[in-house]
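Here's the structure, in structure tokens; my notes come after.
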Amino acid sequence: MLSTLRSEAAFIVTAASTAVLYTVGKGWVESVDNFPILALLFAWMFAVMLWSSFVAVRHADSLAELLGEPLGTLVLTISVISIEVSIISAVMLHAGPNPTLARDTMLAVLIIVLNGMVGLSLLVGGIRHREQHFNLQGARAYLSVLITLATLSLILPRFAVPTPDTGLTATQGILFALITIVLYGTFLAMQTIRHRGDFIEPGAASDTSSHGPHGHGQEHLHVRTIPYHALFLVLTLVPIVLLSKKLAVIVDFGVEAVGLPVALGGVLVAILVLSPEGVAAYKAAVANHLQRAVNICLGSALATIGLTVPSVVVIGLLSGIHVQLGLAPTEMVLLLLTLGVSTLTFGAVRTNMLQGAVHLVVFFVYLVLIFAP
């Protein structure tokens, strides 16, 4: 019992925080217009949600090991993306109108993953091991689908939609969602069933049951039983979803009243979603398991595009909320640069510290343009 309480402390704290904010503290967020107090509330909620996201990924990792593939990968992917979709949905439905939040979040995820996480992993890995190797076929598969979906979701709507604000019509939204789901599902079937060997370390055994194609496995993972991890995965995700509604109000207040950059909301959502995966990718690169880092980074970026786009399109259609997907010219240039550099980086079987430095420079430019457009 004591061991369980210690390992599930994040759930206990997050559930208690949720209970407080929905009972005695129900009006704290909605009625308080004092920025310092709201900043403290935001820090409190953000910290417990971030802590819970790490624990949710740990339970999903454990289920991935117990279930094997392809169920393990599906559980892990859906668990991570559900956090992102729940926060985006909360902001869309419970805060003020923010039609660009989904677009900003997807761009933030792509830039943070493909430049921040990849850059740091390659730089540290290159400094520590000079050159690192990965499976070229798997990286090419990731990038081919990722480039296609990113172009269809974030670039094409800028030119193909009839409205000047890059919002999709109902027909276009349904078609975009269906195309995205079909293409991502095809990739997932190839990755987990037909071509699993393309996503393992070069020269490693073909068995991927320990780490799965995504490579999220953890050597020191304390695995219990399927019912235990399934139960606490759901219990850990529920408070995150509920707190998302409260966090949405504060994000909207910060953007509207304090004059914070609109794109900052997407960055905060991306940080909540990507932090567990970013830590895992960094540790994998340090341990000279670059293939695992590649699977984590490119898999996270692809899952975001493949599952978030259909989700927000459906939410927008059902709720009548306007959703903008097309990027502005500056953001479009950054995305195209990121995809081009990623293609060059993963176009050979070896990487070094210079490639990591290039990705980090693009990431730094993105951060600067958020606050100084």
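All residue names refer to the structure tokens as shown: chains lettered A, B, ... in order, residues numbered from 1 in each chain, ligands numbered from 1 in order.
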>> Excluding Gly27 (chain A) and its own-chain neighbours fewer than 6 positions away, which residues fall within 12 Å of it when counting only C-alpha atoms? Please give them as a list in words.
In response: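 Answer for this query is Val20, Leu21, Asp33, Leu38, Leu41, Lys246 and Val249 of chain A.
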As a check of understanding: the span from CA of Ala189 (chain A) to CA of Ala303 (chain A) is 13.3 Å
- Message: I'd like the contact shell of region 76-89 of chain A - 8 Å cut-off, only C-alpha atoms, skipping same-chain residues fewer than 2 positions apart - returned as a ChimeraX atom specification.
- Response: /A:53,56-57,60-61,63-64,72-74,91-93,101-102,237,240-241,244-245,248,269-270,272-273,300,303-304,307-308,311-312,315
Can you pull out every residue within 6 Å of region 117-129 of chain A, counting only C-alpha atoms, but drop anything in the same chain fewer than 6 positions away, and send it as a ChimeraX atom specification? /A:278,282,285-286,352-353,356,359-360
If you count only C-alpha atoms, the residue of A:Leu107, A:Met45, A:Leu247, A:Val314 closest to Ile155 (chain A) turns out to be A:Leu107
For Leu367 (chain A), list every protein, DNA or RNA residue within 12 Å, evaluated using only C-alpha atoms, and leave out those in the same chain fewer than 6 positions away; present the list as a short mmCIF file (atom, residue, chain, number, x, y, z; two decimals) with N, CA and C atoms, in the first residue's frame.
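Resulting contents of around32.cif:
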```cif
data_model
loop_
_atom_site.label_atom_id
_atom_site.label_comp_id
_atom_site.auth_asym_id
_atom_site.auth_seq_id
_atom_site.Cartn_x
_atom_site.Cartn_y
_atom_site.Cartn_z
N LEU A 107 1.96 23.60 -34.64
CA LEU A 107 3.24 24.19 -35.06
C LEU A 107 4.25 24.13 -33.93
N ALA A 108 3.81 24.46 -32.71
CA ALA A 108 4.72 24.42 -31.57
C ALA A 108 5.26 23.01 -31.35
N ILE A 111 7.85 22.26 -34.13
CA ILE A 111 9.11 23.00 -33.94
C ILE A 111 9.86 22.50 -32.72
N ILE A 112 9.15 22.30 -31.61
CA ILE A 112 9.81 21.83 -30.38
C ILE A 112 10.39 20.43 -30.59
N ASN A 115 13.06 20.45 -33.84
CA ASN A 115 14.23 21.32 -33.65
C ASN A 115 14.76 21.27 -32.22
N GLY A 116 13.86 21.45 -31.22
CA GLY A 116 14.32 21.45 -29.84
C GLY A 116 14.77 20.08 -29.37
N PRO A 261 1.67 36.94 -26.11
CA PRO A 261 1.54 36.47 -27.50
C PRO A 261 0.49 35.37 -27.63
N ALA A 263 0.39 32.95 -29.72
CA ALA A 263 1.02 31.65 -29.96
C ALA A 263 1.55 31.01 -28.68
N LEU A 264 1.66 31.79 -27.59
CA LEU A 264 2.19 31.25 -26.34
C LEU A 264 1.29 30.15 -25.78
N VAL A 267 2.33 26.94 -27.26
CA VAL A 267 3.62 26.49 -26.73
C VAL A 267 3.44 25.83 -25.37
N GLU A 331 5.50 31.91 -40.15
CA GLU A 331 5.43 30.57 -39.57
C GLU A 331 5.60 29.50 -40.64
N LEU A 334 9.25 29.03 -41.36
CA LEU A 334 9.90 28.25 -40.30
C LEU A 334 9.57 26.76 -40.41
N LEU A 360 18.88 23.43 -33.27
CA LEU A 360 18.69 24.30 -32.11
C LEU A 360 18.65 25.77 -32.51
N VAL A 361 19.38 26.15 -33.54
CA VAL A 361 19.34 27.54 -34.03
C VAL A 361 17.93 27.86 -34.55
N PRO A 373 7.75 39.34 -32.89
CA PRO A 373 7.43 39.02 -34.28
C PRO A 373 7.84 40.14 -35.24
#
```
| said: Just checking: using only C-alpha atoms, which residue out of A:Phe159, A:Trp28, A:Phe371, A:Phe346 ends up closest to Ala139 (chain A)? | reply: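 Checking each candidate against Ala139 (chain A), we get A:Phe346 as the closest.
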Shell around Thr148 (chain A) at 12 Å using only C-alpha atoms, local window under 2 positions removed, as a list in words | Ala141, Tyr142, Leu143, Ser144, Val145, Leu146, Ala150, Thr151, Leu152, Ser153, Leu154, Ile155, Leu156, Phe176, Ile179, Thr180, Leu183, Tyr184, Leu302, Ile305, Gly306, Leu336 and Leu339 of chain A
Review point. Do you know which residues are at most 9 Å from Phe54 (chain A) counting only C-alpha atoms, after dropping those on the same chain fewer than 6 positions away, and could you put them as number ranges by chain?
Key: A: 10, 275-277
Margin query: Between CA of Val313 (chain A) and CA of Pro99 (chain A), what distance in Å does the model show, to one decimal?
Written below: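 Here the two named atoms are 11.1 Å from each other.
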* For the atom pair CA of Ser17 (chain A) and CA of Leu40 (chain A), what is the interatomic distance in Å to one decimal place? ->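 These two atoms are separated by 13.3 Å.
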